[in-house]
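Novice: My structure file start-v4.cif, mmCIF, C-alpha atoms and all ligand atoms, is below:
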data_model
#
loop_
_atom_site.label_atom_id
_atom_site.label_comp_id
_atom_site.auth_asym_id
_atom_site.auth_seq_id
_atom_site.Cartn_x
_atom_site.Cartn_y
_atom_site.Cartn_z
CA MET A 1 0.00 0.00 0.00
CA LYS A 2 2.77 2.38 1.04
CA GLU A 3 4.79 1.32 -1.97
CA ALA A 4 1.91 2.05 -4.34
CA ARG A 5 1.47 5.55 -2.88
CA PHE A 6 5.18 6.25 -3.25
CA LYS A 7 5.08 5.02 -6.84
CA ASN A 8 2.13 7.31 -7.52
CA ILE A 9 3.93 10.37 -6.09
CA LEU A 10 7.04 9.52 -8.09
CA GLN A 11 5.03 9.22 -11.28
CA THR A 12 3.31 12.60 -10.69
CA ALA A 13 6.66 14.26 -9.93
CA CYS A 14 8.15 12.84 -13.12
CA THR A 15 5.20 14.09 -15.20
CA VAL A 16 5.51 17.60 -13.71
CA CYS A 17 9.27 17.67 -14.30
CA PHE A 18 8.85 16.49 -17.88
CA ALA A 19 6.18 19.12 -18.58
CA PHE A 20 8.37 21.85 -17.08
CA ALA A 21 11.37 20.76 -19.16
CA ARG A 22 9.27 20.85 -22.34
CA PHE A 23 7.98 24.32 -21.44
CA ALA A 24 11.52 25.60 -20.78
CA LEU A 25 12.73 24.10 -24.04
CA SER A 26 9.94 25.72 -26.04
CA LEU A 27 10.73 29.09 -24.44
CA ARG A 28 14.39 28.66 -25.36
CA VAL A 29 13.48 27.81 -28.97
CA LEU A 30 11.24 30.89 -29.18
CA GLU A 31 13.93 33.08 -27.70
CA ASN A 32 16.60 31.78 -30.06
CA LYS A 33 14.29 32.34 -33.03
CA GLY A 34 13.95 35.95 -31.94
CA MET A 35 17.69 36.27 -31.57
CA ASP A 36 18.30 34.84 -35.02
CA GLY A 37 17.22 38.09 -36.55
CA GLN A 38 13.45 37.59 -36.74
CA TYR A 39 12.72 41.05 -35.41
CA PRO A 40 9.30 42.57 -35.97
CA SER A 41 10.93 45.81 -37.11
CA VAL A 42 14.10 46.64 -39.06
CA LEU A 43 14.45 49.83 -36.98
CA LEU A 44 14.37 47.77 -33.78
CA GLU A 45 16.94 45.32 -35.16
CA LYS A 46 19.23 48.19 -36.18
CA ALA A 47 19.05 49.79 -32.73
CA VAL A 48 19.72 46.44 -31.03
CA SER A 49 22.71 45.82 -33.32
CA GLU A 50 24.17 49.23 -32.42
CA PHE A 51 23.81 48.63 -28.66
CA ALA A 52 25.26 45.13 -29.03
CA LYS A 53 28.48 46.67 -30.41
CA LEU A 54 29.21 48.10 -26.94
CA PRO A 55 31.65 46.12 -24.74
CA GLY A 56 29.96 43.70 -22.37
CA ILE A 57 26.55 44.09 -24.03
CA GLY A 58 25.06 41.00 -25.64
CA ARG A 59 22.01 41.01 -27.92
CA LYS A 60 19.62 40.17 -25.08
CA THR A 61 20.81 43.11 -22.93
CA ALA A 62 20.80 45.32 -26.03
CA MET A 63 17.18 44.38 -26.67
CA ARG A 64 16.25 45.16 -23.04
CA LEU A 65 17.93 48.60 -23.23
CA VAL A 66 16.32 49.44 -26.56
CA LEU A 67 12.87 48.44 -25.31
CA TYR A 68 13.46 50.56 -22.18
CA LEU A 69 14.32 53.60 -24.30
CA LEU A 70 11.30 52.95 -26.49
CA ARG A 71 9.06 53.24 -23.44
CA GLN A 72 10.53 56.65 -22.47
CA ASP A 73 9.42 60.13 -23.60
CA THR A 74 10.88 61.35 -26.88
CA SER A 75 12.56 64.27 -25.01
CA MET A 76 14.44 61.81 -22.75
CA VAL A 77 15.68 59.75 -25.71
CA GLU A 78 16.73 62.93 -27.54
CA ALA A 79 18.65 64.13 -24.47
CA PHE A 80 20.33 60.69 -24.20
CA ALA A 81 21.39 60.62 -27.85
CA GLY A 82 22.32 64.31 -27.79
CA ALA A 83 24.65 63.89 -24.80
CA LEU A 84 26.56 61.15 -26.62
CA VAL A 85 26.88 63.13 -29.88
CA THR A 86 27.95 66.30 -28.02
CA LEU A 87 30.47 64.31 -25.98
CA LYS A 88 32.03 62.83 -29.09
CA ARG A 89 32.09 66.14 -30.96
CA GLU A 90 33.23 68.47 -28.21
CA VAL A 91 35.35 66.45 -25.81
CA LYS A 92 38.92 67.63 -25.45
CA TYR A 93 42.05 65.94 -24.19
CA CYS A 94 44.31 67.83 -21.79
CA LYS A 95 47.36 69.00 -23.70
CA VAL A 96 49.58 68.20 -20.71
CA CYS A 97 48.38 64.82 -19.37
CA HIS A 98 45.93 63.65 -22.14
CA ASN A 99 43.14 63.19 -19.62
CA ILE A 100 39.59 63.87 -20.89
CA SER A 101 38.75 67.50 -20.24
CA ASP A 102 36.31 70.29 -21.10
CA THR A 103 39.17 72.75 -21.42
CA GLU A 104 42.63 72.72 -23.04
CA THR A 105 44.28 72.00 -19.70
CA CYS A 106 42.41 69.69 -17.34
CA ARG A 107 41.31 70.64 -13.83
CA ILE A 108 44.06 68.56 -12.21
CA CYS A 109 46.91 70.04 -14.29
CA ALA A 110 45.52 73.55 -13.79
CA ASN A 111 45.27 73.17 -10.00
CA PRO A 112 48.20 75.04 -8.35
CA ALA A 113 47.73 73.01 -5.17
CA ARG A 114 48.84 69.81 -6.95
CA ASP A 115 52.50 68.74 -6.80
CA ALA A 116 53.74 69.13 -10.38
CA SER A 117 57.05 67.41 -9.58
CA VAL A 118 55.41 63.96 -9.29
CA VAL A 119 53.72 62.35 -12.29
CA CYS A 120 51.65 59.19 -12.10
CA VAL A 121 51.51 57.25 -15.38
CA VAL A 122 48.23 55.43 -15.95
CA GLU A 123 46.57 53.54 -18.77
CA ASN A 124 43.31 55.45 -19.15
CA ILE A 125 40.93 57.97 -17.56
CA ARG A 126 39.26 55.26 -15.43
CA ASP A 127 42.61 54.72 -13.73
CA VAL A 128 42.90 58.47 -13.07
CA MET A 129 39.50 58.32 -11.38
CA ALA A 130 40.51 55.22 -9.40
CA VAL A 131 43.72 56.84 -8.07
CA GLU A 132 41.89 60.11 -7.38
CA ALA A 133 39.29 58.21 -5.35
CA THR A 134 42.04 57.04 -2.97
CA GLN A 135 42.82 60.70 -2.05
CA GLN A 136 46.40 59.54 -1.50
CA PHE A 137 48.00 61.11 -4.55
CA HIS A 138 48.46 64.86 -4.96
CA GLY A 139 50.68 65.02 -8.03
CA LEU A 140 49.80 65.13 -11.74
CA TYR A 141 48.97 62.35 -14.18
CA HIS A 142 50.03 61.16 -17.60
CA VAL A 143 47.41 59.11 -19.47
CA LEU A 144 49.03 56.73 -21.96
CA GLY A 145 45.82 55.71 -23.72
CA GLY A 146 46.56 51.98 -23.31
CA VAL A 147 49.49 49.63 -22.90
CA ILE A 148 51.86 48.03 -25.40
CA SER A 149 50.11 44.94 -26.73
CA PRO A 150 51.52 43.35 -29.91
CA MET A 151 48.62 40.86 -29.91
CA ASP A 152 46.18 43.77 -30.33
CA GLY A 153 48.49 45.63 -32.69
CA ILE A 154 49.25 48.38 -30.14
CA GLY A 155 52.83 49.58 -30.28
CA PRO A 156 54.65 52.34 -28.37
CA GLY A 157 53.88 54.77 -31.20
CA ASP A 158 50.14 54.39 -30.55
CA LEU A 159 50.53 55.57 -26.95
CA GLN A 160 51.44 58.89 -25.32
CA ILE A 161 54.94 57.71 -24.37
CA GLU A 162 56.94 60.22 -26.42
CA SER A 163 55.03 63.13 -24.85
CA LEU A 164 55.87 61.67 -21.40
CA VAL A 165 59.57 61.65 -22.31
CA GLN A 166 59.27 65.27 -23.53
CA ARG A 167 57.50 66.24 -20.30
CA VAL A 168 60.30 64.77 -18.20
CA GLU A 169 63.02 66.25 -20.41
CA ALA A 170 61.40 69.69 -20.10
CA GLY A 171 62.35 69.56 -16.39
CA GLY A 172 60.50 70.15 -13.14
CA ILE A 173 59.61 66.47 -12.65
CA SER A 174 61.49 64.61 -9.93
CA GLU A 175 59.53 61.33 -9.83
CA VAL A 176 57.50 59.26 -12.28
CA ILE A 177 55.22 56.65 -10.72
CA LEU A 178 54.25 53.80 -13.05
CA ALA A 179 50.72 52.72 -12.12
CA LEU A 180 49.87 50.29 -14.93
CA SER A 181 48.08 46.95 -14.81
CA THR A 182 50.12 44.08 -13.38
CA THR A 183 49.79 42.12 -16.62
CA MET A 184 52.42 41.11 -19.16
CA GLU A 185 51.38 44.08 -21.33
CA GLY A 186 51.60 46.43 -18.34
CA ASP A 187 55.06 45.11 -17.43
CA THR A 188 56.26 45.42 -21.04
CA THR A 189 55.09 49.04 -21.07
CA ASN A 190 56.77 49.70 -17.70
CA PHE A 191 60.06 48.35 -19.07
CA TYR A 192 59.76 50.35 -22.30
CA ILE A 193 59.17 53.58 -20.34
CA TYR A 194 62.05 52.71 -18.00
CA ARG A 195 64.41 52.34 -20.98
CA LYS A 196 63.18 55.64 -22.39
CA LEU A 197 63.52 57.57 -19.14
CA GLU A 198 66.57 55.99 -17.47
CA LYS A 199 68.99 58.44 -19.07
CA THR A 200 67.01 61.47 -17.85
CA GLY A 201 67.90 60.60 -14.24
CA VAL A 202 64.30 60.99 -13.04
CA LYS A 203 63.28 58.78 -10.10
CA LEU A 204 61.14 55.92 -11.42
CA SER A 205 58.88 53.87 -9.18
CA VAL A 206 56.10 51.31 -9.65
CA ILE A 207 53.06 50.93 -7.43
CA ALA A 208 53.46 48.25 -4.74
CA ARG A 209 52.30 44.74 -5.59
CA GLY A 210 51.31 42.23 -2.96
CA ILE A 211 48.61 41.03 -0.62
CA SER A 212 45.38 43.03 -0.82
CA VAL A 213 43.93 44.64 2.29
CA GLY A 214 41.67 42.07 3.97
CA ASP A 215 43.28 39.06 2.19
CA GLU A 216 44.24 35.91 4.09
CA LEU A 217 47.77 34.66 3.41
CA GLU A 218 46.84 31.01 2.87
CA TYR A 219 44.65 31.94 -0.11
CA ALA A 220 47.24 34.19 -1.80
CA ASP A 221 49.11 32.83 -4.83
CA GLU A 222 52.86 32.25 -4.57
CA VAL A 223 53.85 35.13 -6.88
CA THR A 224 51.82 37.71 -4.95
CA LEU A 225 52.93 36.44 -1.54
CA GLY A 226 56.55 36.23 -2.74
CA ARG A 227 56.46 39.83 -3.94
CA SER A 228 54.92 40.93 -0.65
CA ILE A 229 57.81 39.36 1.26
CA VAL A 230 60.50 40.79 -1.05
CA ASN A 231 58.90 44.27 -1.15
CA ARG A 232 58.11 44.39 2.58
CA THR A 233 57.78 47.84 4.15
CA PRO A 234 59.03 49.02 7.55
CA PHE A 235 56.41 48.76 10.27
CA ASN A 236 56.07 51.94 12.25
CA GLY A 237 53.06 50.97 14.25
CA VAL A 238 50.69 52.04 11.46
CA LEU A 239 49.92 50.29 8.16
ZN ZN A 301 45.86 67.40 -17.48
#
Reformat the file's structure so that it appears as structure tokens.
Ligand SMILES: [Zn+2]

Specialist:
Amino acid sequence: MKEARFKNILQTACTVCFAFARFALSLRVLENKGMDGQYPSVLLEKAVSEFAKLPGIGRKTAMRLVLYLLRQDTSMVEAFAGALVTLKREVKYCKVCHNISDTETCRICANPARDASVVCVVENIRDVMAVEATQQFHGLYHVLGGVISPMDGIGPGDLQIESLVQRVEAGGISEVILALSTTMEGDTTNFYIYRKLEKTGVKLSVIARGISVGDELEYADEVTLGRSIVNRTPFNGVL
């Protein structure tokens, strides 16, 4: 009797599972059909294709964003598109550090309170914002516009390295801090800049590499932990 009841429950569960799987599969098929280009409107498909060109945006997310914009007022969509077109047309790059700016010289370079004798070399504007957010750096920046990456066809000539050398040679800079990504491309770029600047006599430093704040030692990889040991800093009671 008990066995029969159990068998019955099992059978019902199996039927429900099977029905659910079929439903999920049919949804997937429908979705894929939609993604294969069967859009109800060419205008919609074009807009989705444009959004999908953005980094990190797949066609599904692109569709969601386009449908969101479609639901908004025309004035909002015009303001959105207008801001992008104006940005592209009118944005300037600081003539000193190549940071994005509204004026010829950016706010950081034009600030007399900043220490112009220390220059922090970074890859892009996001890195400037990241270092600024720490409130630990009061010098100026130099935005390279990327790192040397032969795989992506980016050579030293594509970056703002020559203008960095000219900046240092012009005088007034005592230290250049290299704050690039700790990747092979970042290290290659660090070495290239080092070779270019070593004869100028300027002090060259790289940002410290090691254990992150809050990390436990046993989970750190050997390279990171090894570097932390080699590049240890004196302990003065405060970290
Ligand atoms: Zn600047």

Novice: Can you tell me, as an MDAnalysis selection string, what residues are no more than 9 Å from stretch 191-195 of chain A when counting only C-alpha atoms, ignoring any on the same chain fewer than 2 positions away?

Specialist: chainID A and resid 148 156 161 164:165 178 186:189 197:199 204

Novice: How would you report the residues lying within 10 Å of ligand ZN 301 (chain A), as a PyMOL selection string, if you count all atoms listed in the file?

Specialist: chain A and resi 93-101+103-111+140-143

Novice: Tell me, in Å to one decimal, how far atom CA of A:Val85 is from atom CA of A:Glu50.

Specialist: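 For atom CA of A:Val85 relative to atom CA of A:Glu50, the distance reads 14.4 Å.
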
Novice: Which residues come within 7 Å of A:Ala52, counting only C-alpha atoms, excluding same-chain residues fewer than 6 positions away, as a VMD selection string?

Specialist: chain A and resid 58 to 59 62

Novice: At what distance in Å, to one decimal, does atom CA of A:Lys196 lie from atom CA of A:Val119?

Specialist: 15.4 Å

Novice: How many Å separate atom CA of A:Gly210 from atom CA of A:Asn231?

Specialist: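 The value is 8.1 Å.
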